[in-house]
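What follows is the content of model.txt, which has compact mmCIF, C-alpha atoms and all ligand atoms:
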# COMPACT_ATOMS: atom_id res chain seq x y z
CA MET A 1 0.00 0.00 0.00
CA ARG A 2 1.39 3.37 -1.05
CA LEU A 3 0.83 6.10 1.55
CA GLY A 4 0.55 9.82 1.02
CA ILE A 5 1.13 11.65 4.30
CA LEU A 6 -0.15 15.18 4.78
CA ILE A 7 1.44 17.29 7.49
CA SER A 8 1.51 20.89 8.70
CA GLY A 9 3.94 20.76 11.61
CA ARG A 10 6.19 18.64 13.78
CA GLY A 11 5.48 15.36 11.99
CA SER A 12 5.90 12.96 14.92
CA ASN A 13 3.02 10.78 13.71
CA PHE A 14 4.58 10.69 10.24
CA GLU A 15 7.87 9.66 11.88
CA ALA A 16 6.15 6.92 13.90
CA ILE A 17 4.62 5.54 10.68
CA ALA A 18 8.04 5.62 8.99
CA ASN A 19 9.53 3.81 12.01
CA ALA A 20 6.81 1.14 11.95
CA ILE A 21 7.56 0.53 8.27
CA ALA A 22 11.31 0.35 8.94
CA ARG A 23 10.70 -2.17 11.75
CA ARG A 24 8.42 -4.21 9.45
CA LYS A 25 5.45 -3.70 11.74
CA LEU A 26 3.62 -1.98 8.93
CA ASP A 27 3.55 -3.37 5.43
CA ALA A 28 3.36 -0.14 3.46
CA GLU A 29 5.49 2.41 1.69
CA ILE A 30 5.50 6.20 2.05
CA ALA A 31 5.14 7.44 -1.52
CA ILE A 32 5.07 11.16 -0.70
CA VAL A 33 4.91 13.55 2.24
CA ILE A 34 3.06 16.77 1.48
CA SER A 35 3.17 19.80 3.76
CA ASN A 36 0.99 22.86 3.40
CA ARG A 37 3.63 24.85 5.29
CA ALA A 38 7.20 25.37 4.14
CA ASN A 39 8.52 25.47 7.72
CA ALA A 40 6.94 22.23 8.96
CA GLY A 41 9.41 20.35 11.16
CA GLY A 42 8.24 17.09 9.63
CA LEU A 43 9.89 18.08 6.35
CA ASP A 44 13.33 17.67 7.95
CA ILE A 45 12.37 14.16 9.03
CA ALA A 46 11.44 13.34 5.42
CA ARG A 47 14.70 14.88 4.14
CA MET A 48 16.83 12.94 6.62
CA ARG A 49 15.15 9.69 5.70
CA GLY A 50 15.18 10.30 1.96
CA ILE A 51 11.38 10.18 1.73
CA PRO A 52 9.93 12.12 -1.23
CA LEU A 53 8.43 15.38 -0.05
CA ARG A 54 6.61 18.30 -1.53
CA VAL A 55 5.55 21.65 -0.09
CA ILE A 56 2.25 22.91 -1.45
CA GLU A 57 1.57 26.16 0.36
CA SER A 58 -2.08 26.63 1.23
CA ARG A 59 -2.01 30.20 2.45
CA GLY A 60 -4.49 32.39 0.58
CA MET A 61 -5.74 29.55 -1.60
CA GLU A 62 -9.36 28.55 -2.10
CA ARG A 63 -10.09 25.15 -0.62
CA GLU A 64 -11.17 23.47 -3.87
CA ALA A 65 -8.22 24.84 -5.85
CA TYR A 66 -5.78 23.78 -3.15
CA ASP A 67 -7.24 20.32 -2.80
CA LYS A 68 -7.01 19.84 -6.57
CA LEU A 69 -3.25 20.44 -6.44
CA VAL A 70 -2.85 17.99 -3.59
CA ILE A 71 -4.99 15.34 -5.33
CA GLU A 72 -2.83 15.71 -8.45
CA GLU A 73 0.36 15.25 -6.46
CA LEU A 74 -1.04 12.20 -4.67
CA ARG A 75 -2.13 10.68 -7.99
CA THR A 76 1.30 11.34 -9.52
CA HIS A 77 2.79 9.26 -6.72
CA GLU A 78 0.13 6.56 -7.11
CA VAL A 79 -1.04 6.91 -3.53
CA ASP A 80 -3.56 4.31 -2.30
CA LEU A 81 -4.16 5.73 1.18
CA VAL A 82 -3.95 9.32 2.42
CA CYS A 83 -2.89 9.76 6.05
CA LEU A 84 -3.53 13.12 7.67
CA ALA A 85 -0.92 13.57 10.37
CA GLY A 86 -1.34 16.93 12.02
CA PHE A 87 -2.63 18.43 8.77
CA MET A 88 -4.34 21.62 9.91
CA ARG A 89 -6.81 22.07 7.10
CA LEU A 90 -10.29 20.86 6.45
CA LEU A 91 -10.56 18.91 3.19
CA SER A 92 -13.25 19.56 0.58
CA ALA A 93 -15.92 17.04 -0.33
CA SER A 94 -14.22 16.57 -3.70
CA PHE A 95 -11.00 15.53 -1.97
CA VAL A 96 -12.88 12.92 0.05
CA GLU A 97 -14.65 11.75 -3.15
CA ALA A 98 -11.29 11.41 -4.91
CA PHE A 99 -10.16 8.91 -2.24
CA PRO A 100 -13.37 7.28 -1.00
CA ASN A 101 -12.80 5.67 2.41
CA ARG A 102 -9.13 6.10 1.67
CA VAL A 103 -8.31 9.05 3.92
CA LEU A 104 -7.34 8.56 7.56
CA ASN A 105 -6.93 11.07 10.34
CA ILE A 106 -5.60 10.94 13.88
CA HIS A 107 -7.19 13.11 16.54
CA PRO A 108 -6.00 13.57 20.14
CA SER A 109 -9.29 12.81 21.92
CA LEU A 110 -11.83 10.02 22.15
CA LEU A 111 -14.17 11.23 19.43
CA PRO A 112 -16.92 12.35 19.31
CA SER A 113 -15.74 14.18 22.42
CA PHE A 114 -13.61 17.26 21.85
CA PRO A 115 -13.36 17.62 18.08
CA GLY A 116 -11.47 20.54 16.57
CA LEU A 117 -8.48 22.46 17.83
CA ASP A 118 -6.82 22.01 21.22
CA ALA A 119 -8.55 18.73 22.00
CA GLN A 120 -6.24 18.05 24.94
CA ARG A 121 -6.99 21.47 26.46
CA GLN A 122 -10.71 20.90 25.91
CA ALA A 123 -10.50 17.58 27.77
CA LEU A 124 -8.58 19.15 30.68
CA GLU A 125 -10.95 22.09 30.97
CA TYR A 126 -14.00 19.84 30.83
CA GLY A 127 -12.55 17.73 33.61
CA VAL A 128 -12.86 14.27 32.08
CA ARG A 129 -10.93 11.49 33.84
CA ILE A 130 -10.21 9.60 30.64
CA THR A 131 -9.36 10.91 27.21
CA GLY A 132 -7.22 9.45 24.45
CA CYS A 133 -6.89 9.39 20.70
CA THR A 134 -8.82 8.23 17.67
CA VAL A 135 -7.92 7.07 14.17
CA HIS A 136 -10.86 7.52 11.84
CA LEU A 137 -11.77 7.61 8.18
CA VAL A 138 -12.28 11.14 6.96
CA ASP A 139 -15.50 12.52 5.56
CA GLU A 140 -16.18 16.13 4.63
CA PHE A 141 -16.91 17.13 8.23
CA LEU A 142 -14.42 17.99 10.95
CA ASP A 143 -13.08 15.03 12.97
CA SER A 144 -16.00 12.94 11.80
CA GLY A 145 -16.17 9.68 9.85
CA PRO A 146 -16.05 6.00 10.87
CA ILE A 147 -13.74 5.19 13.77
CA LEU A 148 -11.12 2.48 13.26
CA LEU A 149 -9.16 2.50 16.52
CA GLN A 150 -9.15 4.40 19.79
CA SER A 151 -6.84 4.31 22.77
CA ALA A 152 -7.82 5.55 26.22
CA VAL A 153 -5.46 7.63 28.36
CA PRO A 154 -6.02 8.70 31.99
CA VAL A 155 -6.12 12.38 32.93
CA LEU A 156 -4.20 12.99 36.13
CA ASP A 157 -4.94 15.77 38.63
CA THR A 158 -1.40 17.01 38.12
CA ASP A 159 -1.71 17.23 34.32
CA ASP A 160 -1.31 20.33 32.25
CA VAL A 161 -1.82 20.48 28.49
CA GLU A 162 1.78 19.50 27.88
CA THR A 163 1.93 16.43 30.09
CA LEU A 164 -1.47 15.20 28.93
CA SER A 165 -0.58 15.76 25.25
CA ALA A 166 2.66 13.84 25.69
CA ARG A 167 0.82 10.87 27.26
CA ILE A 168 -1.73 10.86 24.44
CA LEU A 169 0.98 11.20 21.78
CA VAL A 170 2.59 7.90 22.80
CA GLN A 171 -0.73 6.20 22.06
CA GLU A 172 -1.20 8.13 18.81
CA HIS A 173 2.11 6.80 17.58
CA ALA A 174 1.05 3.23 18.38
CA ILE A 175 -2.47 3.17 16.96
CA TYR A 176 -1.93 5.08 13.72
CA SER A 177 0.27 2.38 12.20
CA GLN A 178 -2.01 -0.34 13.59
CA ALA A 179 -5.01 1.25 11.89
CA ILE A 180 -3.15 1.50 8.57
CA GLN A 181 -2.19 -2.17 8.84
CA LEU A 182 -5.89 -3.06 9.31
CA LEU A 183 -6.58 -1.49 5.92
CA VAL A 184 -3.52 -3.15 4.37
CA ASP A 185 -4.89 -6.49 5.58
CA ARG A 186 -8.40 -5.62 4.30
CA ARG A 187 -9.85 -6.34 7.71
CA VAL A 188 -12.17 -3.33 7.79
CA THR A 189 -15.73 -3.38 6.47
CA LEU A 190 -18.15 -0.52 6.91
CA GLN A 191 -21.72 -0.80 8.10
CA GLY A 192 -23.02 2.74 7.93
CA ARG A 193 -20.61 4.69 10.11
CA ARG A 194 -19.56 1.58 12.00
CA ALA A 195 -16.29 -0.02 11.05
CA ASN A 196 -16.23 -3.77 11.65
CA ILE A 197 -12.78 -5.27 12.08
CA ALA A 198 -12.38 -8.90 11.08
CA GLU A 199 -10.47 -11.21 13.40
CA ILE A 200 -7.22 -12.62 12.04
CA GLU A 201 -7.78 -16.18 10.88
CA ALA A 202 -5.74 -18.73 12.79
C1 LIG A 301 -1.28 15.25 16.92
O1 LIG A 301 -1.65 15.44 18.26
C2 LIG A 301 -2.46 14.79 16.11
O2 LIG A 301 -3.33 13.98 16.82
C3 LIG A 301 -3.13 16.09 15.77
O3 LIG A 301 -2.09 16.99 15.55
C4 LIG A 301 -0.93 16.56 16.24
C5 LIG A 301 0.15 16.40 15.21
O4 LIG A 301 1.39 16.07 15.78
N1 LIG A 301 -4.03 15.92 14.66
P1 LIG A 301 2.58 15.60 14.85
O5 LIG A 301 2.77 16.68 13.78
O6 LIG A 301 2.21 14.29 14.22
O7 LIG A 301 3.76 15.50 15.75

Taking this structure as input, can you express it in the form of structure tokens?
Ligand code: GRF
Amino acid sequence: MRLGILISGRGSNFEAIANAIARRKLDAEIAIVISNRANAGGLDIARMRGIPLRVIESRGMEREAYDKLVIEELRTHEVDLVCLAGFMRLLSASFVEAFPNRVLNIHPSLLPSFPGLDAQRQALEYGVRITGCTVHLVDEFLDSGPILLQSAVPVLDTDDVETLSARILVQEHAIYSQAIQLLVDRRVTLQGRRANIAEIEA
């Protein structure tokens, strides 16, 4: 499976996916990393690892026009699965239609709680005892779409946004590659918005 990874920043989820591939825990290949920001830290990770990368600046661009450029780039690299990894932009319906059920996102909360920006801060301020992260298929709405995997993380009384985010991030790095491998193994079938995951045959 050829992955196209979309980033805007640090790129630690992208790096975790690259590590899982290197350790043969994930049977996939990163065909291209695309950043909508020229200064994304994740670009250095791609450079150091010799992974093809492309900056397509989004600033000032209409959503549809921007998405068209990204779709073209993904098609050029024959991408099968698009992985949003800290990509800070909502995708258009035509993007989602171009890769039906073939776009994944990771979000740092147990959706549908705390969608949108600053999910870890939202969880802290709400006062939940448990939060976590979610890997889901992307539809045209924000942090919506069928859920593939979630991991729960405790919120401690001593937590601030930084400590809680760090605890969640460890789980993000684990479940993103696992969710991709589920798709590689064709174990996911959709029933409405429910994703059923087939057991591995003995
Ligand atoms: C992660 O917390 C991810 O869940 C959210 O944005 C952050 C990206 O971090 N969507 P990184 O760029 O992968 O390090």

Pick out the residues sitting within 9 Å of Asn101 of chain A, and hand them over as a ChimeraX atom specification; count all atoms listed in the file, and ignore anything fewer than 6 positions along from it in its own chain.
/A:81,137-139

Those same residues - C-alpha atoms - I'd like them written as a PDB file, in the frame of the given file.
ATOM      1  CA  LEU A  81      -4.160   5.730   1.180  1.00  0.00           C
ATOM      2  CA  LEU A 137     -11.770   7.610   8.180  1.00  0.00           C
ATOM      3  CA  VAL A 138     -12.280  11.140   6.960  1.00  0.00           C
ATOM      4  CA  ASP A 139     -15.500  12.520   5.560  1.00  0.00           C
TER       5      ASP A 139
END

At most 9 Å from ligand LIG 301 (chain A) (all atoms listed in the file): residue list as a short mmCIF file (atom, residue, chain, number, x, y, z; two decimals) with C-alpha atoms, in the frame of the given file:
data_model
loop_
_atom_site.label_atom_id
_atom_site.label_comp_id
_atom_site.auth_asym_id
_atom_site.auth_seq_id
_atom_site.Cartn_x
_atom_site.Cartn_y
_atom_site.Cartn_z
CA ILE A 7 1.44 17.29 7.49
CA SER A 8 1.51 20.89 8.70
CA GLY A 9 3.94 20.76 11.61
CA ARG A 10 6.19 18.64 13.78
CA GLY A 11 5.48 15.36 11.99
CA SER A 12 5.90 12.96 14.92
CA ASN A 13 3.02 10.78 13.71
CA PHE A 14 4.58 10.69 10.24
CA GLU A 15 7.87 9.66 11.88
CA ALA A 16 6.15 6.92 13.90
CA ALA A 40 6.94 22.23 8.96
CA GLY A 41 9.41 20.35 11.16
CA GLY A 42 8.24 17.09 9.63
CA LEU A 84 -3.53 13.12 7.67
CA ALA A 85 -0.92 13.57 10.37
CA GLY A 86 -1.34 16.93 12.02
CA PHE A 87 -2.63 18.43 8.77
CA MET A 88 -4.34 21.62 9.91
CA ASN A 105 -6.93 11.07 10.34
CA ILE A 106 -5.60 10.94 13.88
CA HIS A 107 -7.19 13.11 16.54
CA PRO A 108 -6.00 13.57 20.14
CA SER A 109 -9.29 12.81 21.92
CA GLY A 116 -11.47 20.54 16.57
CA LEU A 117 -8.48 22.46 17.83
CA ASP A 118 -6.82 22.01 21.22
CA ALA A 119 -8.55 18.73 22.00
CA GLN A 120 -6.24 18.05 24.94
CA CYS A 133 -6.89 9.39 20.70
CA THR A 134 -8.82 8.23 17.67
CA VAL A 135 -7.92 7.07 14.17
CA SER A 165 -0.58 15.76 25.25
CA ALA A 166 2.66 13.84 25.69
CA ILE A 168 -1.73 10.86 24.44
CA LEU A 169 0.98 11.20 21.78
CA GLU A 172 -1.20 8.13 18.81
CA HIS A 173 2.11 6.80 17.58
#

Of the residues A:Arg2, A:Arg49, A:Arg63, A:Arg167, which is the one nearest to Asp27 of chain A, using all atoms listed in the file?
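Among the listed residues, the smallest separation from Asp27 of chain A belongs to A:Arg2.
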
Rounded to one decimal in Å, what is the spacing between atom CA of Gly145 of chain A and atom CA of Leu26 of chain A?
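One can read the atom CA of Gly145 of chain A to atom CA of Leu26 of chain A distance as 23.0 Å.
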
For a quick check of understanding, using only C-alpha atoms, which of A:Leu149, A:Ile5, A:Leu124, A:Ile32 has the smallest distance to Glu162 of chain A?
A:Leu124

Distance in Å - atom CA of Glu201 of chain A versus atom CA of Leu148 of chain A
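We find that atom CA of Glu201 of chain A and atom CA of Leu148 of chain A lie 19.1 Å from each other.
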
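Of note, atom CA of Ile130 of chain A and atom CA of Ala152 of chain A are spaced 6.5 Å apart.
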
Counting all atoms listed in the file, figure out which residue out of A:Glu199, A:Asp160, A:Glu29, A:Glu125 gets nearest to Cys83 of chain A.
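Once distances to Cys83 of chain A are computed over all atoms listed in the file, the minimum belongs to A:Glu29.
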
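The closest residue to Thr189 of chain A, picked from A:Ile147, A:Val55, A:Val103, A:Val96 and counting all atoms listed in the file, is A:Ile147.
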
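Of the listed residues A:Leu182, A:Val188, A:Ala98, A:Leu164, the one whose atoms come nearest to Pro146 of chain A is A:Val188, with distances taken using all atoms listed in the file.
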
Which residue, A:Val70, A:Met1, A:Ile197, A:Leu104, has the smallest gap to Tyr176 of chain A when you use all atoms listed in the file?
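When distances to Tyr176 of chain A are compared using all atoms listed in the file, the smallest one comes from A:Leu104.
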
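The list of residues with at least one atom within 12 Å of Ser92 of chain A, based on all atoms listed in the file and without residues fewer than 2 positions apart in the same chain, reads A:Glu62, A:Arg63, A:Glu64, A:Ala65, A:Tyr66, A:Asp67, A:Lys68, A:Val70, A:Ile71, A:Arg89, A:Leu90, A:Ser94, A:Phe95, A:Val96, A:Glu97, A:Ala98, A:Phe99, A:Val138, A:Asp139, A:Glu140, A:Phe141, A:Leu142.
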
Output of the above residues as an mmCIF file, in the frame of the given file, restricted to C-alpha atoms:
data_model
loop_
_atom_site.group_PDB
_atom_site.id
_atom_site.type_symbol
_atom_site.label_atom_id
_atom_site.label_comp_id
_atom_site.auth_asym_id
_atom_site.auth_seq_id
_atom_site.Cartn_x
_atom_site.Cartn_y
_atom_site.Cartn_z
ATOM 1 C CA GLU A 62 -9.360 28.550 -2.100
ATOM 2 C CA ARG A 63 -10.090 25.150 -0.620
ATOM 3 C CA GLU A 64 -11.170 23.470 -3.870
ATOM 4 C CA ALA A 65 -8.220 24.840 -5.850
ATOM 5 C CA TYR A 66 -5.780 23.780 -3.150
ATOM 6 C CA ASP A 67 -7.240 20.320 -2.800
ATOM 7 C CA LYS A 68 -7.010 19.840 -6.570
ATOM 8 C CA VAL A 70 -2.850 17.990 -3.590
ATOM 9 C CA ILE A 71 -4.990 15.340 -5.330
ATOM 10 C CA ARG A 89 -6.810 22.070 7.100
ATOM 11 C CA LEU A 90 -10.290 20.860 6.450
ATOM 12 C CA SER A 94 -14.220 16.570 -3.700
ATOM 13 C CA PHE A 95 -11.000 15.530 -1.970
ATOM 14 C CA VAL A 96 -12.880 12.920 0.050
ATOM 15 C CA GLU A 97 -14.650 11.750 -3.150
ATOM 16 C CA ALA A 98 -11.290 11.410 -4.910
ATOM 17 C CA PHE A 99 -10.160 8.910 -2.240
ATOM 18 C CA VAL A 138 -12.280 11.140 6.960
ATOM 19 C CA ASP A 139 -15.500 12.520 5.560
ATOM 20 C CA GLU A 140 -16.180 16.130 4.630
ATOM 21 C CA PHE A 141 -16.910 17.130 8.230
ATOM 22 C CA LEU A 142 -14.420 17.990 10.950
#
